[in-house]
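S.K.: Following this line is model_32.pdb, made up of PDB, C-alpha atoms:
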```
ATOM      1  CA  MET A   1      26.401   3.721   1.405
ATOM      2  CA  GLY A   2      25.382   4.955  -2.045
ATOM      3  CA  VAL A   3      21.868   5.771  -0.802
ATOM      4  CA  LEU A   4      23.282   7.857   2.055
ATOM      5  CA  TYR A   5      25.578   9.717  -0.358
ATOM      6  CA  GLY A   6      22.640  10.409  -2.677
ATOM      7  CA  PHE A   7      20.495  11.643   0.200
ATOM      8  CA  ILE A   8      23.203  13.989   1.517
ATOM      9  CA  ARG A   9      24.005  15.260  -1.972
ATOM     10  CA  GLY A  10      20.298  15.907  -2.644
ATOM     11  CA  ALA A  11      19.847  17.666   0.705
ATOM     12  CA  LEU A  12      22.852  19.900   0.032
ATOM     13  CA  PHE A  13      21.444  20.779  -3.403
ATOM     14  CA  VAL A  14      18.091  21.744  -1.897
ATOM     15  CA  MET A  15      19.778  23.756   0.861
ATOM     16  CA  GLY A  16      21.901  25.630  -1.685
ATOM     17  CA  LYS A  17      18.877  26.346  -3.873
ATOM     18  CA  THR A  18      16.952  27.564  -0.821
ATOM     19  CA  HIS A  19      19.692  30.007   0.124
ATOM     20  CA  ASN A  20      19.812  31.337  -3.437
ATOM     21  CA  LEU A  21      16.025  31.882  -3.450
ATOM     22  CA  ILE A  22      16.179  33.628  -0.069
ATOM     23  CA  ARG A  23      18.869  35.935  -1.444
ATOM     24  CA  LYS A  24      16.647  36.754  -4.452
ATOM     25  CA  LEU A  25      13.750  37.485  -2.100
ATOM     26  CA  LYS A  26      15.968  39.763  -0.002
ATOM     27  CA  PHE A  27      17.092  41.700  -3.067
ATOM     28  CA  ALA A  28      13.491  42.014  -4.278
ATOM     29  CA  TYR A  29      12.414  43.563  -0.967
ATOM     30  CA  ASP A  30      15.506  45.793  -0.983
ATOM     31  CA  ARG A  31      14.440  47.088  -4.426
ATOM     32  CA  SER A  32      10.893  47.654  -3.157
ATOM     33  CA  LEU A  33      12.224  49.637  -0.186
ATOM     34  CA  LYS A  34      14.593  51.710  -2.336
ATOM     35  CA  ASP A  35      12.122  54.560  -2.894
ATOM     36  CA  VAL A  36       9.968  54.241   0.253
ATOM     37  CA  ASP A  37      10.660  54.215   3.977
ATOM     38  CA  ILE A  38       8.333  51.350   4.909
ATOM     39  CA  LEU A  39       6.086  48.749   3.341
ATOM     40  CA  VAL A  40       2.596  48.369   4.800
ATOM     41  CA  MET A  41       0.713  45.096   4.432
ATOM     42  CA  PRO A  42      -1.759  42.930   6.315
ATOM     43  CA  THR A  43      -0.236  40.759   9.020
ATOM     44  CA  LEU A  44      -2.495  37.818   8.209
ATOM     45  CA  PRO A  45      -3.834  36.885   4.781
ATOM     46  CA  TRP A  46      -7.413  36.662   6.111
ATOM     47  CA  VAL A  47      -9.618  37.909   8.917
ATOM     48  CA  ALA A  48      -9.309  36.004  12.190
ATOM     49  CA  LYS A  49     -11.785  33.219  12.774
ATOM     50  CA  THR A  50     -13.534  32.168  15.961
ATOM     51  CA  LEU A  51     -12.011  29.336  17.972
ATOM     52  CA  LEU A  52     -13.237  25.833  17.348
ATOM     53  CA  PRO A  53     -14.707  23.817  20.214
ATOM     54  CA  ARG A  54     -12.185  21.871  22.310
ATOM     55  CA  ASP A  55     -13.603  18.552  21.152
ATOM     56  CA  ALA A  56     -13.108  19.374  17.457
ATOM     57  CA  PRO A  57     -10.709  16.989  15.654
ATOM     58  CA  VAL A  58      -7.048  17.997  15.690
ATOM     59  CA  THR A  59      -7.027  18.168  11.899
ATOM     60  CA  GLU A  60      -9.740  20.847  12.030
ATOM     61  CA  HIS A  61      -7.615  22.946  14.397
ATOM     62  CA  PHE A  62      -4.639  22.828  12.042
ATOM     63  CA  LYS A  63      -6.632  23.287   8.821
ATOM     64  CA  ASP A  64      -7.160  27.007   9.378
ATOM     65  CA  SER A  65      -3.522  27.649  10.272
ATOM     66  CA  LEU A  66      -2.082  26.579   6.902
ATOM     67  CA  GLY A  67      -0.770  29.637   5.086
ATOM     68  CA  LEU A  68      -1.252  31.830   8.135
ATOM     69  CA  THR A  69       2.366  33.059   8.146
ATOM     70  CA  GLY A  70       2.508  33.820   4.417
ATOM     71  CA  ASN A  71       2.908  37.564   5.020
ATOM     72  CA  THR A  72       5.280  37.372   7.998
ATOM     73  CA  GLN A  73       7.577  34.448   7.245
ATOM     74  CA  PRO A  74       9.494  36.058   4.343
ATOM     75  CA  PHE A  75      10.977  38.608   6.736
ATOM     76  CA  ASN A  76      12.125  35.874   9.111
ATOM     77  CA  LEU A  77      14.194  34.636   6.170
ATOM     78  CA  THR A  78      15.411  37.941   4.719
ATOM     79  CA  GLY A  79      16.085  39.650   8.047
ATOM     80  CA  HIS A  80      14.187  42.827   7.233
ATOM     81  CA  PRO A  81      12.801  44.455  10.380
ATOM     82  CA  ALA A  82       9.040  44.076  10.646
ATOM     83  CA  LEU A  83       6.410  44.682  13.285
ATOM     84  CA  SER A  84       2.689  44.247  13.522
ATOM     85  CA  ILE A  85       0.263  46.654  15.138
ATOM     86  CA  PRO A  86      -3.519  46.506  15.487
ATOM     87  CA  CYS A  87      -5.284  48.702  12.942
ATOM     88  CA  GLY A  88      -8.976  47.911  13.267
ATOM     89  CA  MET A  89     -11.684  45.453  14.197
ATOM     90  CA  LEU A  90     -13.691  43.165  11.893
ATOM     91  CA  SER A  91     -16.270  40.445  12.355
ATOM     92  CA  PRO A  92     -15.127  36.912  11.532
ATOM     93  CA  PRO A  93     -16.477  35.563   8.230
ATOM     94  CA  GLU A  94     -18.582  32.920   9.969
ATOM     95  CA  GLY A  95     -20.148  35.515  12.306
ATOM     96  CA  PRO A  96     -21.625  36.591  14.585
ATOM     97  CA  GLU A  97     -21.782  40.186  13.386
ATOM     98  CA  ASP A  98     -21.599  41.650  16.901
ATOM     99  CA  LEU A  99     -18.257  39.891  17.548
ATOM    100  CA  ARG A 100     -15.324  42.010  16.391
ATOM    101  CA  LEU A 101     -11.757  40.713  16.312
ATOM    102  CA  PRO A 102      -8.569  42.769  15.862
ATOM    103  CA  VAL A 103      -6.907  43.090  12.458
ATOM    104  CA  GLY A 104      -3.146  43.579  12.219
ATOM    105  CA  MET A 105      -1.107  45.867   9.982
ATOM    106  CA  GLN A 106       2.491  44.834   9.340
ATOM    107  CA  LEU A 107       5.189  47.448   8.802
ATOM    108  CA  VAL A 108       8.430  46.384   7.096
ATOM    109  CA  GLY A 109      11.543  48.528   6.933
ATOM    110  CA  LYS A 110      15.055  48.707   5.618
ATOM    111  CA  TYR A 111      17.964  47.011   7.345
ATOM    112  CA  HIS A 112      19.107  48.776  10.539
ATOM    113  CA  ASP A 113      16.224  51.242  10.262
ATOM    114  CA  GLU A 114      13.968  49.965  13.035
ATOM    115  CA  LEU A 115      13.519  53.468  14.428
ATOM    116  CA  VAL A 116      11.465  54.445  11.360
ATOM    117  CA  LEU A 117       9.144  51.490  12.054
ATOM    118  CA  TYR A 118       8.742  52.515  15.696
ATOM    119  CA  LYS A 119       7.970  56.107  14.704
ATOM    120  CA  ALA A 120       5.411  55.015  12.095
ATOM    121  CA  ALA A 121       3.730  52.640  14.565
ATOM    122  CA  LEU A 122       3.599  55.358  17.227
ATOM    123  CA  ALA A 123       2.208  57.908  14.749
ATOM    124  CA  TRP A 124      -0.517  55.450  13.703
ATOM    125  CA  SER A 125      -1.477  54.572  17.258
ATOM    126  CA  ASP A 126      -1.493  58.245  18.327
ATOM    127  CA  PHE A 127      -3.703  59.312  15.410
ATOM    128  CA  TYR A 128      -6.166  56.378  15.199
ATOM    129  CA  ASN A 129      -8.151  54.536  17.820
ATOM    130  CA  TRP A 130      -7.947  51.083  16.232
ATOM    131  CA  LYS A 131     -10.706  49.703  18.480
ATOM    132  CA  GLU A 132     -13.196  52.059  16.801
ATOM    133  CA  LEU A 133     -12.078  51.458  13.197
TER     134      LEU A 133
END
```
Using structure tokens, write down the structure from this file.
M.R.:
Amino acid sequence: MGVLYGFIRGALFVMGKTHNLIRKLKFAYDRSLKDVDILVMPTLPWVAKTLLPRDAPVTEHFKDSLGLTGNTQPFNLTGHPALSIPCGMLSPPEGPEDLRLPVGMQLVGKYHDELVLYKAALAWSDFYNWKEL
């Protein structure tokens, strides 16, 4: 019984600490958005890679996905509105040079201000042909 109590108590401590850190993250993004309408950042932390062959080991398939949501996940926690739009094409690091994959640009806005994100995304897509960038 004592082990169960210790486990539950430890889990509640971690959950409370997590909520406090999420609140700090939310306030930090609120401060960043105080003087600007939107934040612009890459959707992914690196350029997309080509798919591995089907017979590649499962561990190889998952290896490249670690850290993939580092730029998007914070907004799932804080609740800030965010959207991703294509903004260009780049070759994967391992080649070939003639293969070009889309690159995403993430827009993040203030609470209840999704319309600004939609307008910015529309303005970008109207002005730039991302497939040629």
S.K.: From the list A:Tyr111, A:Val14, A:Leu77, A:Gln106, which residue is nearest A:Trp124 when using only C-alpha atoms?
M.R.: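 Nearest candidate to A:Trp124 out of A:Tyr111, A:Val14, A:Leu77, A:Gln106: A:Gln106.
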S.K.: Just say which residues the PyMOL selection byres ((chain A and resi 89) around 7) picks in this file, as an MDAnalysis selection string.
M.R.: chainID A and resid 88 90 100:103 131 133
S.K.: What separation in Å, quoted to one decimal, exists between atom CA of A:Ala121 and atom CA of A:Leu39?
M.R.: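 Between these atoms lies a distance of 12.1 Å.
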S.K.: Counting all atoms listed in the file, which of A:Val47, A:Ile85, A:Leu68, A:Val108 gets nearest to A:Ala123?
M.R.: A:Ile85
S.K.: Evaluating the PyMOL selection byres ((chain A and resi 94) around 12) on the displayed file yields which residues, as a VMD selection string?
M.R.: chain A and resid 47 to 52 90 to 93 95 to 100
S.K.: For each of A:Cys87, A:Leu33, A:Met15, A:Leu25, take the minimum atom-to-atom distance to A:Lys110, counting all atoms listed in the file, then give the residue where this is smallest.
M.R.: A:Leu33
S.K.: Calculated over all atoms listed in the file, which of the candidates A:Ala28, A:Leu12, A:Ile38, A:Leu44 has the smallest distance to A:Glu114?
M.R.: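 Ranked by minimum distance to A:Glu114, first place goes to A:Ile38.
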S.K.: Looking at only C-alpha atoms, which of A:Glu132, A:Asp126, A:Asp113, A:Asp37 is the one that sits closest to A:His80?
M.R.: A:Asp113
S.K.: Would you compute the distance between atom CA of A:Gly16 and atom CA of A:Thr78? Give it in Å to one decimal.
M.R.: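 Atom-to-atom, atom CA of A:Gly16 to atom CA of A:Thr78, that is 15.3 Å.
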S.K.: Quick one: what's the axis-aligned box for stretch 58-73 of chain A, all listed atoms, 4 Å on every side, centre and edges in Å to one decimal, as AutoDock Vina command-line options?
M.R.:
```
--center_x -1.1 --center_y 27.8 --center_z 10.1 --size_x 25.3 --size_y 27.6 --size_z 19.3
```
S.K.: Go ahead and compute the interatomic distance for atom CA of A:Phe27 and atom CA of A:Gly109, in Å to one decimal.
M.R.: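 Calculated distance between atom CA of A:Phe27 and atom CA of A:Gly109 is 13.3 Å.
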S.K.: Find the residues with any atom within 9 Å of (1.0, 39.2, 7.1); use all atoms listed in the file and the coordinates as given in the file, and write the answer as a list in words.
M.R.: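 Protein and nucleic acid residues near the point are Met41, Pro42, Thr43, Leu44, Pro45, Trp46, Leu68, Thr69, Gly70, Asn71, Thr72, Gln73, Ser84, Gly104, Met105 and Gln106 of chain A.
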S.K.: Pick out the closest residue to A:Asn76 from this set: A:Val36, A:Ala56, A:Leu115, A:Ile22. Count only C-alpha atoms.
M.R.: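 For A:Asn76, the nearest of the candidates is A:Ile22.
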